[in-house]
Amino acid sequence: MPADIYFTADATAGIQNVRIYRELQFGTLAHLVMTDERLYRSDHIIAEAAPHPATGQALGSMGSGYMVPETLLYDTQAQKMAAAQAAGSHPLTPVSILGNTQRAWSAQAAAGAGIAAQGAAAAQTIAFGFIRADVIANRQKSRFVADAGMAQALAPFFTRLLLNADQWDGYNAERKALMQHLQDHGIRNVMALTGDIHAFFAGEVRDDYSALDGGNPVMVDLVTAGVSSDSFFNYLKDAVGSLSQSLATLVHYPLSLPVPGAGTVALSVNLLDYTLGAATPMEAATTGARCAPGFQPKAVAVKARSV
């Protein structure tokens, strides 16, 4: 089917020659803001080519896009922003998912949506909300760690890790700026409709996840998985297992079951529901996310997948 995109053959346009981000108005009911979160983004805050502190080899995806120490990422993000500002650029330029042009456009589109429609939805490819493993908060006192007898082996990993820095968790400064824009302009009834992570989530997006209370809810995040896509659990199981078998115990548990007459069946039990299961800012409680009195968001299923 034809795609509603902008294209120019002008060679000087660079990556701006193709534009798929756009907005769709559904009368006074809803305003859909479609964003592109792959084409204009900066590199990961911690580059995949950065050397591993222990081996000197390139980090790769683990340590750059996934399982990234939160403090290291935030410190590096602050350094990049300061350097950009000193050079006369917008401080978010080197730490952005949307890019400066699209960010300005989306801010203007969101402001218009807040005026003209009962609800505004941002259809995007990556999850807005924050994902933080609960076992990190409990450390050695986690019942799972204690029962597994892995407290000592897992000690090096007891730090605040960002599970997925390829999504908005890895670009927190820009997410905070967008949430601040919604708050400053009183834009309410906003929800993000997201795919790509191959999992189902529903929760609040908050203004400052670093705050002691987890920040204030600003909008709702609804994430849906693809019917035919491999799960985020399977990817994380393989990736974490190659990094450390001890760390893998936070993600899955291998189990072999004898089946009479058929041999043994090997299973991999998903432990993410356990280690991510306690109440966090990403819990499925959407009612407090700045909805106007009497507004009830309709259930919407959107498959937004990156390429």
# chains A, B, ... in the order shown; residues from 1 in each chain; ligands from 1
$ residues_around --residues "region 97-105 of chain A" --least-positions-apart "2" --cutoff "7 Å" --atoms "only C-alpha atoms" --output "VMD selection string"
chain A and resid 36 to 37 40 to 42 93 107 to 109 171
$ closest_residue --among "A:Asp213, A:Asp169, A:Glu204, A:Asp184" --to "Pro69 (chain A)" --atoms "only C-alpha atoms"
A:Asp169
$ select_by_dssp --residues "region 145-268 of chain A" --states "strand (DSSP E)" --output "NGL selection string"
:A and (161-164 or 190-194 or 201-206 or 217-223 or 252-259 or 263-268)
$ residues_around --residues "Gly63 (chain A)" --least-positions-apart "3" --cutoff "10 Å" --atoms "only C-alpha atoms" --output "PyMOL selection string"
chain A and resi 46-48+50+52+58-60+66-69+73+161-165+243
$ residues_around --residues "Ala173 (chain A)" --least-positions-apart "2" --cutoff "9 Å" --atoms "only C-alpha atoms" --output "JSON, numbers by chain"
{"A": [74, 77, 78, 92, 95, 96, 170, 171, 175, 176, 177, 178]}
$ atom_distance --atom1 "CA of Ala202 (chain A)" --atom2 "CA of Glu70 (chain A)"
22.7 Å
$ residues_around --residues "Gln183 (chain A)" --least-positions-apart "5" --cutoff "12 Å" --atoms "only C-alpha atoms" --output "number ranges by chain"
A: 107, 110-111, 114, 176-178, 188-190, 206-207, 216-219, 289-290
$ write_last_selection --atoms "C-alpha atoms" --output "PDB file, in the first residue's frame"
ATOM      1  CA  ALA A 107       6.512  19.665  20.499  1.00  0.00           C
ATOM      2  CA  ALA A 110       1.617  18.007  20.765  1.00  0.00           C
ATOM      3  CA  ALA A 111       0.670  21.562  21.721  1.00  0.00           C
ATOM      4  CA  GLY A 114      -3.801  19.388  23.365  1.00  0.00           C
ATOM      5  CA  LYS A 176      12.684  14.681  30.507  1.00  0.00           C
ATOM      6  CA  ALA A 177      12.611  17.665  28.131  1.00  0.00           C
ATOM      7  CA  LEU A 178       9.542  16.276  26.339  1.00  0.00           C
ATOM      8  CA  ARG A 188      -3.207  16.408  28.978  1.00  0.00           C
ATOM      9  CA  ASN A 189      -4.725  13.064  27.960  1.00  0.00           C
ATOM     10  CA  VAL A 190      -1.554  11.986  26.146  1.00  0.00           C
ATOM     11  CA  ARG A 206       7.022  10.236  34.572  1.00  0.00           C
ATOM     12  CA  ASP A 207       8.866  13.529  34.490  1.00  0.00           C
ATOM     13  CA  ASN A 216       5.258  12.706  38.675  1.00  0.00           C
ATOM     14  CA  PRO A 217       3.090  10.915  36.087  1.00  0.00           C
ATOM     15  CA  VAL A 218       2.683  12.904  32.865  1.00  0.00           C
ATOM     16  CA  MET A 219       1.304  10.500  30.252  1.00  0.00           C
ATOM     17  CA  ALA A 289      -1.250  10.106  34.255  1.00  0.00           C
ATOM     18  CA  ARG A 290      -2.693  13.607  33.887  1.00  0.00           C
TER      19      ARG A 290
END
$ atom_distance --atom1 "CA of Ile187 (chain A)" --atom2 "CA of Phe201 (chain A)"
22.8 Å
